[in-house]
file entry-v3.pdb (PDB, C-alpha atoms (C1' of nucleotides))
MODEL        1
ATOM      1  CA  MET A  29      16.325  10.152  20.050  1.00  0.00           C
ATOM      2  CA  LYS A  30      17.510  13.445  18.638  1.00  0.00           C
ATOM      3  CA  ASN A  31      15.421  15.633  16.386  1.00  0.00           C
ATOM      4  CA  LEU A  32      17.896  16.179  13.578  1.00  0.00           C
ATOM      5  CA  ARG A  33      15.280  17.566  11.224  1.00  0.00           C
ATOM      6  CA  LEU A  34      14.719  20.440  13.608  1.00  0.00           C
ATOM      7  CA  LYS A  35      18.446  21.007  13.907  1.00  0.00           C
ATOM      8  CA  ALA A  36      18.775  21.001  10.110  1.00  0.00           C
ATOM      9  CA  ALA A  37      15.838  23.381   9.612  1.00  0.00           C
ATOM     10  CA  ARG A  38      17.369  25.757  12.112  1.00  0.00           C
ATOM     11  CA  ALA A  39      20.755  25.547  10.400  1.00  0.00           C
ATOM     12  CA  ALA A  40      19.068  26.262   7.072  1.00  0.00           C
ATOM     13  CA  LYS A  41      17.895  29.561   8.537  1.00  0.00           C
ATOM     14  CA  ASP A  42      21.343  30.195  10.040  1.00  0.00           C
ATOM     15  CA  MET A  43      19.865  30.573  13.497  1.00  0.00           C
ATOM     16  CA  SER A  44      21.403  29.738  16.844  1.00  0.00           C
ATOM     17  CA  GLN A  45      19.402  27.807  19.428  1.00  0.00           C
ATOM     18  CA  ASP A  46      19.279  31.040  21.367  1.00  0.00           C
ATOM     19  CA  ALA A  47      17.867  33.018  18.441  1.00  0.00           C
ATOM     20  CA  LEU A  48      15.222  30.411  17.675  1.00  0.00           C
ATOM     21  CA  ALA A  49      14.322  30.222  21.341  1.00  0.00           C
ATOM     22  CA  SER A  50      13.716  33.931  21.713  1.00  0.00           C
ATOM     23  CA  MET A  51      11.656  34.029  18.518  1.00  0.00           C
ATOM     24  CA  CYS A  52       9.531  31.230  19.927  1.00  0.00           C
ATOM     25  CA  GLY A  53       9.268  32.811  23.355  1.00  0.00           C
ATOM     26  CA  VAL A  54      10.998  29.990  25.194  1.00  0.00           C
ATOM     27  CA  SER A  55      14.403  29.482  26.770  1.00  0.00           C
ATOM     28  CA  ARG A  56      17.467  28.256  24.935  1.00  0.00           C
ATOM     29  CA  GLN A  57      17.523  25.122  27.072  1.00  0.00           C
ATOM     30  CA  THR A  58      14.054  24.216  25.881  1.00  0.00           C
ATOM     31  CA  ILE A  59      15.138  24.280  22.235  1.00  0.00           C
ATOM     32  CA  ASN A  60      18.299  22.431  23.155  1.00  0.00           C
ATOM     33  CA  GLY A  61      16.283  19.795  24.991  1.00  0.00           C
ATOM     34  CA  ILE A  62      13.912  19.331  22.083  1.00  0.00           C
ATOM     35  CA  GLU A  63      16.738  18.900  19.590  1.00  0.00           C
ATOM     36  CA  LYS A  64      18.529  16.565  21.917  1.00  0.00           C
ATOM     37  CA  GLY A  65      15.318  14.579  22.459  1.00  0.00           C
ATOM     38  CA  ASP A  66      15.032  15.138  26.190  1.00  0.00           C
ATOM     39  CA  TYR A  67      11.837  17.116  25.988  1.00  0.00           C
ATOM     40  CA  ASN A  68       8.294  16.305  24.957  1.00  0.00           C
ATOM     41  CA  PRO A  69       7.144  19.788  23.945  1.00  0.00           C
ATOM     42  CA  THR A  70       3.573  21.006  23.751  1.00  0.00           C
ATOM     43  CA  ILE A  71       1.825  21.226  20.388  1.00  0.00           C
ATOM     44  CA  LYS A  72       1.587  24.979  20.809  1.00  0.00           C
ATOM     45  CA  LEU A  73       5.353  25.301  21.019  1.00  0.00           C
ATOM     46  CA  CYS A  74       5.831  22.900  18.104  1.00  0.00           C
ATOM     47  CA  ARG A  75       3.545  25.075  15.975  1.00  0.00           C
ATOM     48  CA  GLN A  76       5.490  28.169  16.970  1.00  0.00           C
ATOM     49  CA  ILE A  77       8.793  26.543  16.059  1.00  0.00           C
ATOM     50  CA  CYS A  78       7.367  25.433  12.718  1.00  0.00           C
ATOM     51  CA  LYS A  79       6.156  28.912  11.890  1.00  0.00           C
ATOM     52  CA  VAL A  80       9.512  30.484  12.675  1.00  0.00           C
ATOM     53  CA  LEU A  81      11.342  27.887  10.582  1.00  0.00           C
ATOM     54  CA  ASP A  82       8.807  27.826   7.722  1.00  0.00           C
ATOM     55  CA  LYS A  83       8.050  24.149   8.187  1.00  0.00           C
ATOM     56  CA  THR A  84       4.973  22.098   9.007  1.00  0.00           C
ATOM     57  CA  LEU A  85       4.380  19.783  11.935  1.00  0.00           C
ATOM     58  CA  ASP A  86       4.741  16.735   9.723  1.00  0.00           C
ATOM     59  CA  GLU A  87       8.079  17.974   8.444  1.00  0.00           C
ATOM     60  CA  LEU A  88       9.603  18.536  11.861  1.00  0.00           C
ATOM     61  CA  PHE A  89       7.665  16.456  14.346  1.00  0.00           C
ATOM     62  CA  TRP A  90       5.964  13.552  12.644  1.00  0.00           C
ATOM     63  CA  GLU A  91       7.127   9.979  13.062  1.00  0.00           C
ATOM     64  CA  ASP A  92       9.739   8.836  15.502  1.00  0.00           C
ATOM     65  CA  GLU A  93      12.533  11.306  15.221  1.00  0.00           C
ATOM     66  CA  GLU A  94      15.970  10.453  13.958  1.00  0.00           C
ATOM     67  CA  GLU A  95      18.403   8.055  15.534  1.00  0.00           C
ATOM     68  CA  GLY A  96      19.806   8.816  18.955  1.00  0.00           C
TER      69      GLY A  96
ATOM     70  CA  MET B  14     -11.092  27.280  19.837  1.00  0.00           C
ATOM     71  CA  LYS B  15     -12.434  23.787  19.366  1.00  0.00           C
ATOM     72  CA  ASN B  16     -10.605  21.125  17.410  1.00  0.00           C
ATOM     73  CA  LEU B  17     -13.399  20.009  15.143  1.00  0.00           C
ATOM     74  CA  ARG B  18     -11.077  18.066  12.847  1.00  0.00           C
ATOM     75  CA  LEU B  19     -10.201  15.807  15.734  1.00  0.00           C
ATOM     76  CA  LYS B  20     -13.846  15.376  16.616  1.00  0.00           C
ATOM     77  CA  ALA B  21     -14.638  14.517  12.987  1.00  0.00           C
ATOM     78  CA  ALA B  22     -11.771  12.047  12.680  1.00  0.00           C
ATOM     79  CA  ARG B  23     -12.928  10.321  15.822  1.00  0.00           C
ATOM     80  CA  ALA B  24     -16.495  10.201  14.553  1.00  0.00           C
ATOM     81  CA  ALA B  25     -15.226   8.709  11.289  1.00  0.00           C
ATOM     82  CA  LYS B  26     -13.826   5.811  13.312  1.00  0.00           C
ATOM     83  CA  ASP B  27     -17.046   5.583  15.327  1.00  0.00           C
ATOM     84  CA  MET B  28     -15.143   5.982  18.575  1.00  0.00           C
ATOM     85  CA  SER B  29     -16.267   7.568  21.811  1.00  0.00           C
ATOM     86  CA  GLN B  30     -13.974  10.003  23.622  1.00  0.00           C
ATOM     87  CA  ASP B  31     -13.573   7.287  26.200  1.00  0.00           C
ATOM     88  CA  ALA B  32     -12.521   4.682  23.637  1.00  0.00           C
ATOM     89  CA  LEU B  33     -10.028   7.014  21.981  1.00  0.00           C
ATOM     90  CA  ALA B  34      -8.677   8.012  25.367  1.00  0.00           C
ATOM     91  CA  SER B  35      -7.954   4.474  26.457  1.00  0.00           C
ATOM     92  CA  MET B  36      -6.340   3.637  23.132  1.00  0.00           C
ATOM     93  CA  CYS B  37      -4.086   6.660  23.604  1.00  0.00           C
ATOM     94  CA  GLY B  38      -3.358   5.868  27.213  1.00  0.00           C
ATOM     95  CA  VAL B  39      -4.898   9.048  28.602  1.00  0.00           C
ATOM     96  CA  SER B  40      -8.064   9.938  30.457  1.00  0.00           C
ATOM     97  CA  ARG B  41     -11.373  10.770  28.832  1.00  0.00           C
ATOM     98  CA  GLN B  42     -11.178  14.299  30.223  1.00  0.00           C
ATOM     99  CA  THR B  43      -7.915  14.876  28.403  1.00  0.00           C
ATOM    100  CA  ILE B  44      -9.455  14.003  25.033  1.00  0.00           C
ATOM    101  CA  ASN B  45     -12.500  16.050  25.899  1.00  0.00           C
ATOM    102  CA  GLY B  46     -10.310  19.015  26.810  1.00  0.00           C
ATOM    103  CA  ILE B  47      -8.339  18.781  23.579  1.00  0.00           C
ATOM    104  CA  GLU B  48     -11.478  18.666  21.439  1.00  0.00           C
ATOM    105  CA  LYS B  49     -12.972  21.511  23.377  1.00  0.00           C
ATOM    106  CA  GLY B  50      -9.766  23.505  23.036  1.00  0.00           C
ATOM    107  CA  ASP B  51      -9.001  23.798  26.730  1.00  0.00           C
ATOM    108  CA  TYR B  52      -5.813  21.774  26.587  1.00  0.00           C
ATOM    109  CA  ASN B  53      -2.453  22.308  24.955  1.00  0.00           C
ATOM    110  CA  PRO B  54      -1.412  18.660  24.604  1.00  0.00           C
ATOM    111  CA  THR B  55       2.149  17.387  24.259  1.00  0.00           C
ATOM    112  CA  ILE B  56       3.469  16.393  20.841  1.00  0.00           C
ATOM    113  CA  LYS B  57       3.799  12.825  22.052  1.00  0.00           C
ATOM    114  CA  LEU B  58       0.097  12.621  22.802  1.00  0.00           C
ATOM    115  CA  CYS B  59      -0.782  14.313  19.517  1.00  0.00           C
ATOM    116  CA  ARG B  60       1.251  11.682  17.650  1.00  0.00           C
ATOM    117  CA  GLN B  61      -0.497   8.922  19.563  1.00  0.00           C
ATOM    118  CA  ILE B  62      -3.922  10.342  18.724  1.00  0.00           C
ATOM    119  CA  CYS B  63      -2.936  10.644  15.062  1.00  0.00           C
ATOM    120  CA  LYS B  64      -1.771   7.062  14.903  1.00  0.00           C
ATOM    121  CA  VAL B  65      -4.982   5.748  16.437  1.00  0.00           C
ATOM    122  CA  LEU B  66      -7.099   7.822  14.066  1.00  0.00           C
ATOM    123  CA  ASP B  67      -4.947   7.204  10.972  1.00  0.00           C
ATOM    124  CA  LYS B  68      -4.193  10.870  10.490  1.00  0.00           C
ATOM    125  CA  THR B  69      -1.062  13.014  10.432  1.00  0.00           C
ATOM    126  CA  LEU B  70      -0.143  15.923  12.668  1.00  0.00           C
ATOM    127  CA  ASP B  71      -0.823  18.397   9.889  1.00  0.00           C
ATOM    128  CA  GLU B  72      -4.275  16.942   9.341  1.00  0.00           C
ATOM    129  CA  LEU B  73      -5.357  17.192  12.957  1.00  0.00           C
ATOM    130  CA  PHE B  74      -3.170  19.754  14.649  1.00  0.00           C
ATOM    131  CA  TRP B  75      -1.706  22.164  12.124  1.00  0.00           C
ATOM    132  CA  GLU B  76      -2.805  25.780  11.896  1.00  0.00           C
ATOM    133  CA  ASP B  77      -5.081  27.452  14.339  1.00  0.00           C
ATOM    134  CA  GLU B  78      -7.826  25.009  14.978  1.00  0.00           C
ATOM    135  CA  GLU B  79     -11.420  25.605  14.003  1.00  0.00           C
ATOM    136  CA  GLU B  80     -13.608  28.384  15.264  1.00  0.00           C
ATOM    137  CA  GLY B  81     -14.610  28.456  18.904  1.00  0.00           C
TER     138      GLY B  81
ATOM    139  C1'  DA C  17      46.685  29.822  19.616  1.00  0.00           C
ATOM    140  C1'  DC C  18      43.290  32.797  21.094  1.00  0.00           C
ATOM    141  C1'  DA C  19      38.702  34.891  22.000  1.00  0.00           C
ATOM    142  C1'  DA C  20      34.000  34.799  21.355  1.00  0.00           C
ATOM    143  C1'  DA C  21      30.022  32.451  20.271  1.00  0.00           C
ATOM    144  C1'  DA C  22      27.355  28.341  20.359  1.00  0.00           C
ATOM    145  C1'  DT C  23      26.155  24.240  22.528  1.00  0.00           C
ATOM    146  C1'  DG C  24      25.664  20.590  26.299  1.00  0.00           C
ATOM    147  C1'  DT C  25      24.242  19.850  30.818  1.00  0.00           C
ATOM    148  C1'  DA C  26      22.600  20.072  35.789  1.00  0.00           C
ATOM    149  C1'  DA C  27      19.895  21.470  40.039  1.00  0.00           C
ATOM    150  C1'  DA C  28      16.146  23.936  42.071  1.00  0.00           C
ATOM    151  C1'  DA C  29      11.981  26.426  41.258  1.00  0.00           C
ATOM    152  C1'  DT C  30       7.565  27.482  38.717  1.00  0.00           C
ATOM    153  C1'  DA C  31       3.884  26.707  35.344  1.00  0.00           C
ATOM    154  C1'  DT C  32       0.960  23.735  33.374  1.00  0.00           C
ATOM    155  C1'  DA C  33      -0.382  19.042  31.244  1.00  0.00           C
ATOM    156  C1'  DG C  34      -2.818  15.103  32.620  1.00  0.00           C
ATOM    157  C1'  DT C  35      -5.322  12.203  36.467  1.00  0.00           C
ATOM    158  C1'  DT C  36      -9.027  10.861  39.406  1.00  0.00           C
ATOM    159  C1'  DG C  37     -13.533  11.019  41.067  1.00  0.00           C
ATOM    160  C1'  DA C  38     -17.849  12.855  40.906  1.00  0.00           C
ATOM    161  C1'  DC C  39     -21.948  14.942  39.049  1.00  0.00           C
ATOM    162  C1'  DA C  40     -24.894  17.421  35.421  1.00  0.00           C
ATOM    163  C1'  DT C  41     -26.309  17.602  30.790  1.00  0.00           C
ATOM    164  C1'  DT C  42     -27.111  16.042  26.181  1.00  0.00           C
ATOM    165  C1'  DC C  43     -27.656  12.294  22.654  1.00  0.00           C
ATOM    166  C1'  DT C  44     -29.322   7.855  20.986  1.00  0.00           C
ATOM    167  C1'  DG C  45     -32.162   3.896  20.551  1.00  0.00           C
ATOM    168  C1'  DT C  46     -36.312   1.454  21.781  1.00  0.00           C
TER     169       DT C  46
ATOM    170  C1'  DA D  14     -41.058   8.823  27.918  1.00  0.00           C
ATOM    171  C1'  DC D  15     -37.470   6.177  29.470  1.00  0.00           C
ATOM    172  C1'  DA D  16     -32.721   4.048  30.116  1.00  0.00           C
ATOM    173  C1'  DG D  17     -28.103   3.997  29.025  1.00  0.00           C
ATOM    174  C1'  DA D  18     -24.374   5.911  26.789  1.00  0.00           C
ATOM    175  C1'  DA D  19     -21.715   9.822  25.587  1.00  0.00           C
ATOM    176  C1'  DT D  20     -20.295  14.302  26.640  1.00  0.00           C
ATOM    177  C1'  DG D  21     -19.362  18.693  29.417  1.00  0.00           C
ATOM    178  C1'  DT D  22     -17.391  20.364  33.475  1.00  0.00           C
ATOM    179  C1'  DC D  23     -15.285  21.124  38.171  1.00  0.00           C
ATOM    180  C1'  DA D  24     -11.950  20.682  42.056  1.00  0.00           C
ATOM    181  C1'  DA D  25      -7.965  18.750  44.072  1.00  0.00           C
ATOM    182  C1'  DC D  26      -4.079  16.090  43.085  1.00  0.00           C
ATOM    183  C1'  DT D  27       0.253  14.261  40.536  1.00  0.00           C
ATOM    184  C1'  DA D  28       3.489  14.298  36.795  1.00  0.00           C
ATOM    185  C1'  DT D  29       6.203  16.753  33.919  1.00  0.00           C
ATOM    186  C1'  DA D  30       7.291  20.752  30.674  1.00  0.00           C
ATOM    187  C1'  DT D  31       9.741  24.995  31.013  1.00  0.00           C
ATOM    188  C1'  DT D  32      12.519  28.602  33.516  1.00  0.00           C
ATOM    189  C1'  DT D  33      16.414  30.422  35.743  1.00  0.00           C
ATOM    190  C1'  DT D  34      21.084  30.459  37.024  1.00  0.00           C
ATOM    191  C1'  DA D  35      25.336  28.738  36.330  1.00  0.00           C
ATOM    192  C1'  DC D  36      29.241  26.376  34.449  1.00  0.00           C
ATOM    193  C1'  DA D  37      31.805  23.089  31.135  1.00  0.00           C
ATOM    194  C1'  DT D  38      32.665  21.876  26.544  1.00  0.00           C
ATOM    195  C1'  DT D  39      32.796  22.451  21.681  1.00  0.00           C
ATOM    196  C1'  DT D  40      32.804  25.400  17.307  1.00  0.00           C
ATOM    197  C1'  DT D  41      33.974  29.135  14.628  1.00  0.00           C
ATOM    198  C1'  DG D  42      36.535  33.053  12.953  1.00  0.00           C
ATOM    199  C1'  DT D  43      40.807  35.712  12.879  1.00  0.00           C
TER     200       DT D  43
ENDMDL
END

call {"tool": "encode", "arguments": {"input": "entry-v3.pdb", "output": "structure tokens"}}
result
Amino acid sequence: MKNLRLKAARAAKDMSQDALASMCGVSRQTINGIEKGDYNPTIKLCRQICKVLDKTLDELFWEDEEEG
Amino acid sequence: MKNLRLKAARAAKDMSQDALASMCGVSRQTINGIEKGDYNPTIKLCRQICKVLDKTLDELFWEDEEEG
DNA sequence: ACAAAATGTAAAATATAGTTGACATTCTGT
DNA sequence: ACAGAATGTCAACTATATTTTACATTTTGT
């Protein structure tokens, strides 16, 4: 199931997957995979993503993500 | 740095590391490592732990965990 | 319509999360 | 003090998150 909240938060900052990825210190494919729902990221990376996007874990990663 | 909030939440449910581990479907060492701060668990496992302990991600895993 | 940027996706390689088994230490109750 | 449970820790193993390279497709602006 896709993580549409992450996608939306990124869009709200007008950032590409690539830009978010480099600010988080990971590859673009990792961000892509997380948004697409393929990946099960580590909490450390989730925290990093949240900080860059000014969101909390609950806002982006709590509960079963959106529909797939 | 240790995750004392996790340790406290577990204590509040009167659960051993072993009991929490089996309810989360992981080994006792994994829970031990997370509490001790050695591990960087996946978001999936964090969610599972939160559900078992009736907490949210922000409550147990947001911000740099407690002092080490 | 066109070019450039952004996104989706895949295979092979590397890094690391999580397991298993085993043993030492600390905590708890009696 | 003692026994049993809970916890800390280690090494070798397995599973999987993440990287790298590369290419196809879709979006966006002009």

call {"tool": "interface_residues", "arguments": {"input": "entry-v3.pdb", "of": "chain A", "to": "chain C", "cutoff": "9 Å", "atoms": "only C-alpha atoms (C1' of nucleotides)", "output": "VMD selection string"}}
result
chain A and resid 44 to 46 60 70

call {"tool": "resolve_selection", "arguments": {"input": "entry-v3.pdb", "expression": "the PyMOL selection byres ((chain D) within 8 of (chain A))", "output": "list in words"}}
result
DA30, DT31 and DT32 of chain D

call {"tool": "closest_atom_pairs", "arguments": {"input": "entry-v3.pdb", "of": "chain B", "to": "chain A", "cutoff": "10 Å", "atoms": "only C-alpha atoms", "output": "Markdown table"}}
result
| residue | atom | partner | partner_atom | distance |
| --- | --- | --- | --- | --- |
| B:Tyr52 | CA | A:Thr70 | CA | 9.8 |
| B:Asn53 | CA | A:Thr70 | CA | 6.3 |
| B:Pro54 | CA | A:Thr70 | CA | 5.6 |
| B:Thr55 | CA | A:Thr70 | CA | 3.9 |
| B:Ile56 | CA | A:Ile71 | CA | 5.1 |
| B:Lys57 | CA | A:Asn68 | CA | 6.4 |
| B:Leu58 | CA | A:Ile71 | CA | 9.1 |
| B:Cys59 | CA | A:Ile71 | CA | 7.4 |
| B:Arg60 | CA | A:Trp90 | CA | 7.1 |
| B:Cys63 | CA | A:Trp90 | CA | 9.7 |
| B:Lys64 | CA | A:Glu91 | CA | 9.5 |
| B:Thr69 | CA | A:Asp86 | CA | 6.9 |
| B:Leu70 | CA | A:Asp86 | CA | 5.8 |
| B:Asp71 | CA | A:Leu85 | CA | 5.8 |
| B:Glu72 | CA | A:Asp86 | CA | 9.0 |
| B:Phe74 | CA | A:Ile71 | CA | 7.7 |
| B:Trp75 | CA | A:Leu85 | CA | 6.5 |
| B:Glu76 | CA | A:Arg75 | CA | 7.6 |
| B:Asp77 | CA | A:Arg75 | CA | 9.1 |

call {"tool": "atom_distance", "arguments": {"input": "entry-v3.pdb", "atom1": "C1' of DA25 in chain D", "atom2": "CA of Leu33 in chain B"}}
result
25.1 Å

call {"tool": "residues_around", "arguments": {"input": "entry-v3.pdb", "residues": "Glu63 in chain A", "least_positions_apart": "5", "cutoff": "7 Å", "atoms": "all atoms listed in the file", "output": "count of residues only"}}
result
5
